[in-house]
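**Student:** What follows is input24.cif; its format and atoms are mmCIF, C-alpha atoms and all ligand atoms.
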data_input
loop_
_atom_site.label_atom_id
_atom_site.label_comp_id
_atom_site.auth_asym_id
_atom_site.auth_seq_id
_atom_site.Cartn_x
_atom_site.Cartn_y
_atom_site.Cartn_z
CA MET A 1 96.88 174.76 186.41
CA ARG A 2 97.46 172.11 183.78
CA PHE A 3 95.23 171.50 180.82
CA SER A 4 95.03 168.49 178.61
CA VAL A 5 94.35 168.77 174.89
CA PRO A 6 94.28 166.15 172.12
CA THR A 7 97.44 167.30 170.32
CA PRO A 8 98.48 170.55 168.68
CA ARG A 9 97.80 168.86 165.35
CA GLN A 10 94.18 168.34 166.30
CA LEU A 11 93.81 171.91 167.35
CA GLY A 12 94.54 173.43 163.95
CA LEU A 13 90.95 172.74 162.97
CA ALA A 14 87.81 174.60 162.13
CA VAL A 15 86.47 174.00 165.59
CA LEU A 16 89.06 174.33 168.27
CA THR A 17 88.67 172.14 171.26
CA CYS A 18 90.39 171.91 174.55
CA CYS A 19 89.92 169.80 177.60
CA ILE A 20 87.13 170.18 180.12
CA GLY A 21 88.10 172.34 182.99
CA ILE A 22 89.46 175.45 181.33
CA ARG A 23 89.47 178.23 183.84
CA LEU A 24 90.41 181.58 182.54
CA ALA A 25 93.16 182.98 184.66
CA ALA A 26 92.32 186.25 186.29
CA GLN A 27 95.93 187.17 186.76
CA GLN A 28 98.05 188.74 184.06
CA PRO A 29 99.31 185.98 181.75
CA PRO A 30 102.89 185.99 180.59
CA GLN A 31 103.61 187.41 177.16
CA ALA A 32 104.07 184.84 174.42
CA SER A 33 107.31 186.42 173.28
CA HIS A 34 108.84 185.57 176.66
CA ILE A 35 107.63 182.00 176.84
CA GLY A 36 109.73 180.21 174.27
CA ARG A 37 108.60 177.55 171.86
CA GLY A 38 105.10 176.28 171.44
CA LEU A 39 102.01 176.78 169.29
CA LEU A 40 100.21 180.08 169.69
CA LEU A 41 96.55 180.23 168.67
CA GLN A 42 95.68 183.89 168.27
CA HIS A 43 92.40 185.75 168.51
CA VAL A 44 90.26 182.83 169.69
CA GLN A 45 86.94 183.19 171.45
CA VAL A 46 87.19 180.85 174.41
CA PHE A 47 84.17 179.25 176.03
CA ASP A 48 84.22 179.78 179.78
CA PRO A 49 82.25 176.92 181.42
CA THR A 50 81.97 178.91 184.64
CA SER A 51 80.05 181.80 183.14
CA GLY A 52 78.61 179.88 180.21
CA ARG A 53 79.77 182.56 177.82
CA PHE A 54 82.39 183.07 175.20
CA THR A 55 85.16 185.51 175.98
CA ASP A 56 86.41 188.29 173.80
CA THR A 57 89.25 187.13 171.63
CA LEU A 58 92.18 185.69 173.53
CA ASP A 59 95.31 183.76 172.69
CA ILE A 60 96.08 180.19 173.71
CA LEU A 61 99.61 178.94 174.00
CA ILE A 62 100.07 175.18 173.69
CA ARG A 63 103.27 173.48 174.64
CA GLY A 64 103.52 169.79 174.00
CA GLU A 65 100.05 168.48 174.78
CA ARG A 66 99.31 171.05 177.46
CA ILE A 67 97.82 174.51 177.43
CA ALA A 68 100.55 176.67 178.90
CA ALA A 69 98.70 180.00 178.98
CA VAL A 70 95.43 181.66 178.02
CA GLY A 71 95.00 185.42 177.73
CA LYS A 72 96.20 188.41 175.77
CA LEU A 73 99.60 186.94 175.07
CA GLY A 74 100.89 189.37 172.50
CA PRO A 75 102.90 188.51 169.39
CA PRO A 76 104.53 185.09 169.06
CA GLY A 77 108.08 184.63 170.21
CA ARG A 78 110.91 183.81 167.84
CA GLY A 79 110.53 180.42 166.28
CA MET A 80 107.06 179.98 167.78
CA ALA A 81 104.44 178.37 165.56
CA HIS A 82 101.30 180.44 165.41
CA LEU A 83 97.87 180.31 163.85
CA ASP A 84 95.41 183.13 163.38
CA ALA A 85 92.21 181.60 164.73
CA GLY A 86 90.13 184.74 164.36
CA GLY A 87 86.45 183.87 164.02
CA LYS A 88 87.02 180.46 165.60
CA TYR A 89 86.05 179.16 169.01
CA ALA A 90 87.76 177.07 171.66
CA LEU A 91 85.39 174.73 173.44
CA PRO A 92 85.71 172.02 176.04
CA GLY A 93 86.23 168.75 174.23
CA LEU A 94 82.84 167.20 173.49
CA TRP A 95 81.82 163.66 174.41
CA ASP A 96 79.80 161.12 172.48
CA SER A 97 78.47 159.00 175.29
CA HIS A 98 77.22 156.07 173.26
CA VAL A 99 79.16 154.61 170.34
CA HIS A 100 79.95 151.14 169.02
CA PHE A 101 83.16 151.76 167.06
CA SER A 102 83.77 148.07 166.42
CA PHE A 103 81.14 148.12 163.69
CA LEU A 104 83.39 150.49 161.74
CA THR A 105 85.84 147.65 161.24
CA LEU A 106 83.30 145.97 158.97
CA GLY A 107 84.02 148.74 156.47
CA GLY A 108 87.79 148.26 156.59
CA ASP A 109 90.57 150.26 158.17
CA THR A 110 90.04 153.32 156.00
CA THR A 111 86.50 153.58 157.34
CA VAL A 112 87.86 153.32 160.87
CA THR A 113 90.55 155.95 160.49
CA THR A 114 88.50 158.49 158.55
CA THR A 115 85.53 158.20 160.91
CA LEU A 116 87.59 158.52 164.08
CA ALA A 117 89.40 161.53 162.66
CA ALA A 118 86.04 163.08 161.77
CA PHE A 119 84.96 162.84 165.40
CA VAL A 120 87.92 164.98 166.41
CA ARG A 121 87.41 167.43 163.57
CA HIS A 122 83.88 167.97 164.81
CA GLY A 123 85.07 168.64 168.35
CA VAL A 124 84.43 165.23 169.92
CA THR A 125 87.55 164.32 171.86
CA SER A 126 86.20 161.51 174.06
CA VAL A 127 83.70 158.69 173.61
CA ARG A 128 82.13 155.90 175.62
CA ASP A 129 82.14 152.72 173.58
CA VAL A 130 79.40 150.64 175.15
CA GLY A 131 79.71 147.30 173.43
CA GLY A 132 82.06 145.55 171.06
CA PRO A 133 84.42 142.58 170.80
CA LEU A 134 87.11 143.14 173.39
CA ASP A 135 90.16 142.68 171.22
CA THR A 136 88.77 144.97 168.54
CA ILE A 137 87.85 147.89 170.75
CA ALA A 138 90.90 147.55 173.00
CA GLY A 139 93.06 147.64 169.88
CA LEU A 140 91.35 150.76 168.57
CA SER A 141 91.64 152.49 171.91
CA ARG A 142 95.33 151.68 172.05
CA ARG A 143 95.99 152.98 168.54
CA VAL A 144 94.41 156.29 169.44
CA ALA A 145 96.20 156.50 172.78
CA ARG A 146 99.54 155.88 171.12
CA GLY A 147 98.86 158.47 168.44
CA THR A 148 99.01 155.91 165.66
CA ILE A 149 95.66 157.18 164.39
CA LEU A 150 93.78 160.38 165.07
CA GLY A 151 90.64 159.87 167.09
CA PRO A 152 88.83 160.62 170.33
CA ARG A 153 89.85 158.96 173.58
CA ILE A 154 87.94 155.69 173.78
CA TYR A 155 86.61 154.52 177.13
CA PHE A 156 85.16 151.10 176.50
CA ALA A 157 83.07 148.33 178.00
CA GLY A 158 83.98 145.36 175.80
CA PRO A 159 81.40 142.67 175.04
CA LEU A 160 77.75 142.74 176.01
CA LEU A 161 77.37 140.21 178.80
CA THR A 162 74.26 138.09 179.03
CA ARG A 163 73.06 134.56 179.61
CA ALA A 164 72.16 132.06 176.90
CA PRO A 165 70.55 132.28 174.48
CA ILE A 166 72.09 135.44 173.08
CA LEU A 167 69.16 137.52 171.82
CA ILE A 168 71.18 139.67 169.48
CA ALA A 169 72.27 136.66 167.48
CA ASP A 170 72.44 138.44 164.15
CA GLN A 171 74.69 141.16 165.53
CA ASN A 172 76.89 138.51 167.07
CA ASN A 173 77.13 136.74 163.73
CA LEU A 174 78.06 140.00 162.07
CA LEU A 175 80.61 140.92 164.70
CA PRO A 176 81.61 137.77 166.59
CA GLY A 177 82.24 138.45 170.26
CA ILE A 178 80.09 141.54 170.58
CA ALA A 179 77.95 139.49 172.97
CA THR A 180 79.32 136.94 175.42
CA VAL A 181 77.53 134.49 177.67
CA VAL A 182 78.46 134.52 181.36
CA GLU A 183 76.44 132.17 183.54
CA THR A 184 78.57 131.45 186.60
CA PRO A 185 80.47 133.53 189.15
CA ALA A 186 83.71 132.09 187.82
CA ALA A 187 82.81 133.20 184.29
CA VAL A 188 81.97 136.67 185.59
CA ASP A 189 85.30 136.94 187.40
CA SER A 190 87.23 135.69 184.40
CA MET A 191 85.55 138.15 182.06
CA LEU A 192 85.97 141.12 184.38
CA ASP A 193 89.64 140.29 184.87
CA ARG A 194 90.07 140.25 181.11
CA LEU A 195 88.37 143.63 180.82
CA VAL A 196 90.63 145.18 183.43
CA ALA A 197 93.72 143.68 181.82
CA ARG A 198 92.78 145.20 178.45
CA GLY A 199 92.08 148.66 179.83
CA ALA A 200 88.29 148.72 180.03
CA THR A 201 86.75 151.21 182.45
CA MET A 202 83.22 149.81 182.19
CA THR A 203 81.38 146.56 181.72
CA LYS A 204 78.04 146.19 179.98
CA ALA A 205 75.22 143.80 180.77
CA ILE A 206 72.33 143.25 178.40
CA ASP A 207 69.00 141.48 178.23
CA HIS A 208 68.26 138.57 180.54
CA TRP A 209 70.24 137.65 183.65
CA ASP A 210 69.75 135.47 186.65
CA PRO A 211 69.07 137.96 189.48
CA ALA A 212 71.47 136.30 191.92
CA LEU A 213 74.26 136.25 189.37
CA PHE A 214 73.52 139.86 188.47
CA ARG A 215 74.01 140.87 192.09
CA TYR A 216 77.31 138.97 192.12
CA TYR A 217 78.32 140.67 188.87
CA LEU A 218 77.66 144.13 190.30
CA ARG A 219 79.76 143.40 193.38
CA ALA A 220 82.57 141.89 191.30
CA ALA A 221 82.60 144.90 188.96
CA ARG A 222 82.63 147.35 191.88
CA ALA A 223 85.58 145.50 193.42
CA ARG A 224 87.48 146.09 190.18
CA TRP A 225 86.44 149.76 189.87
CA LEU A 226 84.47 148.99 186.73
CA ARG A 227 81.28 150.92 186.09
CA VAL A 228 78.34 148.79 185.04
CA VAL A 229 76.26 149.98 182.12
CA TRP A 230 73.00 148.19 181.58
CA ASP A 231 70.75 147.53 178.64
CA ALA A 232 67.69 145.91 180.16
CA GLY A 233 66.52 144.70 176.77
CA LEU A 234 62.96 144.05 175.75
CA PRO A 235 62.03 140.77 177.45
CA ILE A 236 60.57 141.91 180.70
CA VAL A 237 60.21 138.38 182.04
CA ASN A 238 63.48 137.07 183.48
CA SER A 239 65.07 140.45 183.09
CA ILE A 240 66.23 142.80 185.82
CA PRO A 241 63.91 145.79 186.32
CA ILE A 242 65.66 149.06 185.61
CA ASP A 243 64.90 150.59 189.00
CA THR A 244 66.22 147.50 190.76
CA ALA A 245 69.38 147.59 188.68
CA LEU A 246 69.97 151.25 189.47
CA ALA A 247 69.38 150.68 193.17
CA ARG A 248 71.93 147.88 193.18
CA GLY A 249 74.70 149.92 191.58
CA VAL A 250 74.22 150.07 187.82
CA THR A 251 75.65 153.42 186.76
CA SER A 252 73.84 154.06 183.49
CA ILE A 253 70.96 152.79 181.40
CA GLU A 254 71.69 152.34 177.69
CA HIS A 255 69.07 152.25 174.93
CA ALA A 256 66.11 152.03 177.29
CA LYS A 257 64.30 150.07 174.61
CA ALA A 258 62.27 148.15 177.15
CA CYS A 259 59.65 150.85 176.82
CA GLY A 260 59.37 150.19 173.08
CA PRO A 261 56.49 147.72 173.21
CA ALA A 262 54.50 150.13 175.33
CA CYS A 263 54.96 153.23 173.24
CA CYS A 264 55.62 152.15 169.64
CA ALA A 265 52.99 152.12 166.92
CA THR A 266 51.41 148.71 166.37
CA THR A 267 53.55 147.65 163.40
CA SER A 268 56.78 148.83 164.99
CA ARG A 269 55.83 147.12 168.21
CA ALA A 270 55.33 143.79 166.49
CA ASN A 271 58.58 144.09 164.54
CA THR A 272 60.56 145.21 167.51
CA THR A 273 59.27 142.52 169.82
CA ARG A 274 59.84 139.78 167.24
CA SER A 275 63.35 140.98 166.52
CA TRP A 276 64.49 140.52 170.08
CA ARG A 277 63.42 136.91 170.43
CA PRO A 278 66.14 134.28 170.25
CA GLY A 279 67.19 133.97 166.63
CA GLY A 280 65.21 137.04 165.69
CA THR A 281 66.39 139.67 163.27
CA MET A 282 67.06 143.31 163.94
CA PRO A 283 64.32 145.80 163.13
CA ARG A 284 64.60 147.51 159.80
CA MET A 285 65.35 151.14 160.30
CA ARG A 286 63.59 153.65 158.12
CA ARG A 287 65.78 156.42 156.84
ZN ZN B 1 74.19 150.88 171.72
#
Have the structure of the file written as structure tokens, please.
Ligand SMILES: [Zn+2]

**Tutor:**
Amino acid sequence: MRFSVPTPRQLGLAVLTCCIGIRLAAQQPPQASHIGRGLLLQHVQVFDPTSGRFTDTLDILIRGERIAAVGKLGPPGRGMAHLDAGGKYALPGLWDSHVHFSFLTLGGDTTVTTTLAAFVRHGVTSVRDVGGPLDTIAGLSRRVARGTILGPRIYFAGPLLTRAPILIADQNNLLPGIATVVETPAAVDSMLDRLVARGATMTKAIDHWDPALFRYYLRAARARWLRVVWDAGLPIVNSIPIDTALARGVTSIEHAKACGPACCATTSRANTTRSWRPGGTMPRMRR
């Protein structure tokens, strides 16, 4: 069985992570001294997703970017790098399922690199980036994939697709291209082709859409194996109801802020509703 891990470098951390799908081998593992080169993590408590429990201390041998063996592997072989990970844990890599990494670029590249590295150091090895300018997020994803910077794998959706007027105008001013207008089938096809070409695995729709075009969009995305993530927005009128969207093939609901006007306190409700009108400003967040 093959396992995928970020890199050996990422694994020499306070929290040790390894890819989803670890299955602890029942058979006798080989002894590390007979295996040759690699990185041996010794005395780790490994989380077993099958039982939901941590094991007694085991050893993990990593070769390249794969886990070669897990078990009582004995002392390291000659020339084998090893790390006493006693008191540490090996977990499946964690996911953050909703990020917008493109906003990090507003703080400069140091902000980008330190933040992405921090995700890995805290055990998050994969993220879903559900909205950002395509070139920005595709570039970040590529830098991580190539090992140029340390960070979690980035699965991304690219820009938030909507029809005019763009309701998140202030965000689009701050980060041009985070929202893009698509109002014809040809525009939908063109955008989805661009997403595929840049490595996106999802596409995100937001706020108001023409229902007929939305149906076309869902079919076009499915034909390209793109998942559709959907932020129904606040304006109920002219929007696509969430249950309808799900029934027609939307694969996830993001934000779910449409319920805000119904459940927020009066002041928040007024601010929130105003902020999502065309040309409105984002709500002020209390810390
Ligand atoms: Zn979001």

**Student:** Quick check, in Å to one decimal: how far apart do CA of Val46 in chain A and CA of Leu73 in chain A lie?

**Tutor:**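 That distance, rounded to one decimal, is 13.8 Å.
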
**Student:** Between A:Thr114, A:Gln171, A:Thr105, A:Thr55, which residue has the minimum interatomic distance to ligand ZN 1 (chain B), considering all atoms listed in the file?

**Tutor:** A:Gln171

**Student:** As a quick test: using all atoms listed in the file, which residues lie no more than 7 Å away from ligand ZN 1 (chain B)? Give them as a compact mmCIF listing (two decimals) with C-alpha atoms, in the coordinates of the input.

**Tutor:**
# COMPACT_ATOMS: atom_id res chain seq x y z
CA HIS A 98 77.22 156.07 173.26
CA VAL A 99 79.16 154.61 170.34
CA HIS A 100 79.95 151.14 169.02
CA VAL A 130 79.40 150.64 175.15
CA GLY A 131 79.71 147.30 173.43
CA GLU A 254 71.69 152.34 177.69
CA HIS A 255 69.07 152.25 174.93

**Student:** Would you mind telling me which residue in A:Ala157, A:Gly249, A:Asp48, A:Arg66 lies nearest to Ser97 in chain A when using all atoms listed in the file?

**Tutor:** A:Ala157

**Student:** Pick from A:Ala117, A:Ala90, A:Met80, A:Ile178: nearest to Leu58 in chain A, with all atoms listed in the file counted?

**Tutor:**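 Ranked by minimum distance to Leu58 in chain A, first place goes to A:Ala90.
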
**Student:** One decimal, in Å: what's the spacing between CA of Ala232 in chain A and CA of Phe214 in chain A?

**Tutor:**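 Atom-to-atom, CA of Ala232 in chain A to CA of Phe214 in chain A, that is 11.8 Å.
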
**Student:** For a test of reading the model, state the distance in Å between CA of Leu167 in chain A and CA of Leu104 in chain A, rounded to one decimal.

**Tutor:** 21.7 Å

**Student:** Between A:Ala187, A:Val44, A:Gly132, A:Ile149, which residue has the minimum interatomic distance to Leu174 in chain A, considering all atoms listed in the file?

**Tutor:**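 With all atoms listed in the file as the atom set, the closest residue is A:Gly132.
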
**Student:** Taking all atoms listed in the file into account, which of A:Leu91, A:Ala85, A:Leu40, A:Leu116 comes nearest Thr57 in chain A?

**Tutor:** A:Ala85

**Student:** So which one's closest to Leu195 in chain A, A:Ala247, A:Ile67, A:Ala221, A:Ile166? Using all atoms listed in the file, please.

**Tutor:**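 Of the candidates, the smallest distance to Leu195 in chain A is held by A:Ala221.
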
**Student:** I want to know what sits within 9 Å of Ile240 in chain A, based on only C-alpha atoms, with residues of the same chain fewer than 3 positions away left out; could you give that as number ranges by chain?

**Tutor:** A: 207-211, 214, 232, 236-237, 243-245

**Student:** Step by step: start from the point (78.2, 146.6, 186.5) in the file's coordinates, keep every protein, DNA or RNA residue that has an atom no farther than 8 Å from it, count only C-alpha atoms, and write the set as a PyMOL selection string.

**Tutor:** chain A and resi 202-205+217-219+221-222+226-230+249-251

**Student:** Select, counting all atoms listed in the file, all protein, DNA and RNA residues no farther than 7 Å from (68.8, 154.1, 185.3) in file coordinates, and express the selection as a ChimeraX atom specification.

**Tutor:** /A:242-243,246,252-253
